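Trainee: The following file, model33.json, comprises JSON, C-alpha atoms:
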[["chain", "number", "residue", "atom", "x", "y", "z"],
["A", 1157, "MET", "CA", 60.93, 195.14, -71.43],
["A", 1158, "ASN", "CA", 58.15, 197.43, -72.53],
["A", 1159, "PHE", "CA", 55.68, 199.81, -70.91],
["A", 1160, "SER", "CA", 52.97, 197.13, -70.68],
["A", 1161, "GLU", "CA", 55.26, 194.91, -68.60],
["A", 1162, "LEU", "CA", 56.27, 197.79, -66.34],
["A", 1163, "GLN", "CA", 52.63, 198.72, -65.91],
["A", 1164, "ARG", "CA", 51.77, 195.11, -65.06],
["A", 1165, "ARG", "CA", 54.50, 195.14, -62.38],
["A", 1166, "LEU", "CA", 53.32, 198.47, -60.97],
["A", 1167, "ILE", "CA", 49.73, 197.20, -60.74],
["A", 1168, "ALA", "CA", 50.95, 193.99, -59.10],
["A", 1169, "HIS", "CA", 52.80, 196.15, -56.56],
["A", 1170, "LEU", "CA", 49.63, 198.13, -55.83],
["A", 1171, "ARG", "CA", 47.67, 194.89, -55.46],
["A", 1172, "THR", "CA", 50.29, 193.60, -53.01],
["A", 1173, "LEU", "CA", 50.11, 196.80, -50.95],
["A", 1174, "VAL", "CA", 46.35, 196.43, -50.62],
["A", 1175, "GLN", "CA", 46.36, 192.67, -50.00],
["A", 1176, "SER", "CA", 49.06, 192.95, -47.35],
["A", 1177, "GLY", "CA", 47.10, 195.61, -45.51],
["A", 1178, "ASP", "CA", 49.79, 198.25, -46.00],
["A", 1179, "THR", "CA", 47.17, 200.53, -47.56],
["A", 1180, "ILE", "CA", 43.61, 200.54, -48.82],
["A", 1181, "GLU", "CA", 42.28, 201.33, -52.28],
["A", 1182, "ARG", "CA", 40.61, 204.50, -51.06],
["A", 1183, "ASP", "CA", 43.89, 205.89, -49.73],
["A", 1184, "LEU", "CA", 45.73, 205.00, -52.94],
["A", 1185, "ALA", "CA", 43.04, 206.75, -54.92],
["A", 1186, "ARG", "CA", 43.13, 209.82, -52.69],
["A", 1187, "ILE", "CA", 46.89, 210.36, -52.72],
["A", 1188, "THR", "CA", 47.22, 209.73, -56.44],
["A", 1189, "GLY", "CA", 44.19, 211.72, -57.57],
["A", 1190, "ILE", "CA", 42.63, 208.69, -59.27],
["A", 1191, "SER", "CA", 38.98, 207.96, -58.55],
["A", 1192, "GLN", "CA", 38.39, 205.11, -56.12],
["A", 1193, "PRO", "CA", 36.29, 203.11, -58.62],
["A", 1194, "HIS", "CA", 39.03, 203.42, -61.24],
["A", 1195, "MET", "CA", 41.72, 202.42, -58.73],
["A", 1196, "HIS", "CA", 39.59, 199.41, -57.72],
["A", 1197, "ASN", "CA", 39.29, 198.37, -61.37],
["A", 1198, "VAL", "CA", 43.03, 198.82, -61.91],
["A", 1199, "ILE", "CA", 43.93, 196.69, -58.92],
["A", 1200, "ASN", "CA", 41.46, 194.03, -60.04],
["A", 1201, "GLY", "CA", 42.85, 193.96, -63.58],
["A", 1202, "LYS", "CA", 39.80, 195.44, -65.28],
["A", 1203, "LYS", "CA", 41.38, 198.77, -66.24],
["A", 1204, "PHE", "CA", 44.83, 200.11, -66.90],
["A", 1205, "LEU", "CA", 46.64, 203.23, -65.80],
["A", 1206, "SER", "CA", 47.29, 205.92, -68.35],
["A", 1207, "LEU", "CA", 50.88, 207.09, -68.58],
["A", 1208, "GLU", "CA", 49.94, 210.19, -66.60],
["A", 1209, "MET", "CA", 48.21, 208.13, -63.90],
["A", 1210, "ALA", "CA", 51.14, 205.73, -63.67],
["A", 1211, "ASP", "CA", 53.46, 208.71, -63.29],
["A", 1212, "GLN", "CA", 51.29, 210.12, -60.49],
["A", 1213, "VAL", "CA", 51.29, 206.78, -58.67],
["A", 1214, "LEU", "CA", 55.08, 206.54, -58.92],
["A", 1215, "VAL", "CA", 55.57, 210.10, -57.65],
["A", 1216, "GLN", "CA", 53.11, 209.82, -54.75],
["A", 1217, "LEU", "CA", 54.44, 206.44, -53.61],
["A", 1218, "HIS", "CA", 58.05, 207.62, -54.00],
["A", 1219, "LEU", "CA", 58.81, 204.90, -56.53],
["A", 1220, "ASP", "CA", 60.86, 204.82, -59.69],
["A", 1221, "LEU", "CA", 60.53, 202.61, -62.75],
["A", 1222, "LEU", "CA", 63.86, 201.08, -61.78],
["A", 1223, "ASP", "CA", 62.13, 199.66, -58.69],
["A", 1224, "PHE", "CA", 60.32, 197.29, -61.06],
["A", 1225, "ILE", "CA", 63.30, 196.13, -63.09],
["A", 1226, "GLU", "CA", 65.40, 193.23, -61.90],
["A", 1227, "PRO", "CA", 69.21, 193.70, -61.87],
["A", 1228, "ALA", "CA", 69.61, 190.86, -64.38],
["A", 1229, "GLU", "CA", 67.25, 192.66, -66.76],
["A", 1230, "LEU", "CA", 69.37, 195.80, -66.52],
["A", 1231, "LEU", "CA", 72.52, 193.81, -67.23],
["A", 1232, "ALA", "CA", 70.90, 192.15, -70.25],
["A", 1233, "TRP", "CA", 69.82, 195.56, -71.53],
["A", 1234, "GLU", "CA", 73.34, 196.93, -71.08],
["A", 1235, "ASP", "CA", 74.77, 193.94, -72.98],
["A", 1236, "ARG", "CA", 72.47, 194.68, -75.94],
["A", 1237, "ARG", "CA", 73.69, 198.26, -76.14]]
Show me, as structure tokens, the structure contained in the file I just sent.

Mentor:
Amino acid sequence: MNFSELQRRLIAHLRTLVQSGDTIERDLARITGISQPHMHNVINGKKFLSLEMADQVLVQLHLDLLDFIEPAELLAWEDRR
């Protein structure tokens, strides 16, 4: 697991929130401090989130990186240690 994969999962989560109608891009942009055009491009896979932006999204949506890691992945990581 690397940052790129975690970022991909975070973006997929944001896309799901918008597609399901749970939120809209404009609201995501507003609460995270990211411009709406940039958020639109992130959700549509044209741009990425910087580490700082990803952090802001996680904080504002009350998420943790562990929310994007499957239990089996954690067990495999523990086994490697």

Trainee: CA of Ile1187 in chain A to CA of Val1215 in chain A: how many Å, to one decimal?

Mentor: 10.0 Å

Trainee: Given all atoms listed in the file as the basis, pick out the residue of A:Met1157, A:Ile1167, A:Ile1180, A:Leu1231 nearest to Lys1203 in chain A.

Mentor: A:Ile1167

Trainee: Leaving out range 1168-1179 of chain A and any residue of its chain fewer than 2 positions from it, which residues lie within 12 Å of it when counting only C-alpha atoms, given as a VMD selection string?

Mentor: chain A and resid 1161 to 1166 1181 to 1188 1195 to 1201 1204 to 1205 1210 1213 to 1214 1217 1219 1221 1223 to 1224

Trainee: What does the file look like for those residues with C-alpha atoms, as a PDB file, in the frame of the given file?

Mentor:
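Contents of the output file part-v4.pdb:
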ATOM      1  CA  GLU A1161      55.260 194.910 -68.600  1.00  0.00           C
ATOM      2  CA  LEU A1162      56.270 197.790 -66.340  1.00  0.00           C
ATOM      3  CA  GLN A1163      52.630 198.720 -65.910  1.00  0.00           C
ATOM      4  CA  ARG A1164      51.770 195.110 -65.060  1.00  0.00           C
ATOM      5  CA  ARG A1165      54.500 195.140 -62.380  1.00  0.00           C
ATOM      6  CA  LEU A1166      53.320 198.470 -60.970  1.00  0.00           C
ATOM      7  CA  GLU A1181      42.280 201.330 -52.280  1.00  0.00           C
ATOM      8  CA  ARG A1182      40.610 204.500 -51.060  1.00  0.00           C
ATOM      9  CA  ASP A1183      43.890 205.890 -49.730  1.00  0.00           C
ATOM     10  CA  LEU A1184      45.730 205.000 -52.940  1.00  0.00           C
ATOM     11  CA  ALA A1185      43.040 206.750 -54.920  1.00  0.00           C
ATOM     12  CA  ARG A1186      43.130 209.820 -52.690  1.00  0.00           C
ATOM     13  CA  ILE A1187      46.890 210.360 -52.720  1.00  0.00           C
ATOM     14  CA  THR A1188      47.220 209.730 -56.440  1.00  0.00           C
ATOM     15  CA  MET A1195      41.720 202.420 -58.730  1.00  0.00           C
ATOM     16  CA  HIS A1196      39.590 199.410 -57.720  1.00  0.00           C
ATOM     17  CA  ASN A1197      39.290 198.370 -61.370  1.00  0.00           C
ATOM     18  CA  VAL A1198      43.030 198.820 -61.910  1.00  0.00           C
ATOM     19  CA  ILE A1199      43.930 196.690 -58.920  1.00  0.00           C
ATOM     20  CA  ASN A1200      41.460 194.030 -60.040  1.00  0.00           C
ATOM     21  CA  GLY A1201      42.850 193.960 -63.580  1.00  0.00           C
ATOM     22  CA  PHE A1204      44.830 200.110 -66.900  1.00  0.00           C
ATOM     23  CA  LEU A1205      46.640 203.230 -65.800  1.00  0.00           C
ATOM     24  CA  ALA A1210      51.140 205.730 -63.670  1.00  0.00           C
ATOM     25  CA  VAL A1213      51.290 206.780 -58.670  1.00  0.00           C
ATOM     26  CA  LEU A1214      55.080 206.540 -58.920  1.00  0.00           C
ATOM     27  CA  LEU A1217      54.440 206.440 -53.610  1.00  0.00           C
ATOM     28  CA  LEU A1219      58.810 204.900 -56.530  1.00  0.00           C
ATOM     29  CA  LEU A1221      60.530 202.610 -62.750  1.00  0.00           C
ATOM     30  CA  ASP A1223      62.130 199.660 -58.690  1.00  0.00           C
ATOM     31  CA  PHE A1224      60.320 197.290 -61.060  1.00  0.00           C
TER      32      PHE A1224
END

Trainee: What does the structure give for the distance between CA of Ile1190 in chain A and CA of Glu1208 in chain A, in Å to one decimal?

Mentor: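 CA of Glu1208 in chain A lies at a distance of 10.5 Å from CA of Ile1190 in chain A.
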
Trainee: Expressed in Å to a single decimal, how great is the separation between CA of Trp1233 in chain A and CA of Met1209 in chain A?

Mentor: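 Pair CA of Trp1233 in chain A / CA of Met1209 in chain A returns 26.1 Å.
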
Trainee: Take every atom of range 1184-1193 of chain A listed in the file, fit an axis-aligned box around them, add 5 Å per side, and give the centre and edge lengths in Å to one decimal as JSON.

Mentor:
{"center_x": 41.8, "center_y": 207.4, "center_z": -56.0, "size_x": 20.9, "size_y": 18.6, "size_z": 16.6}
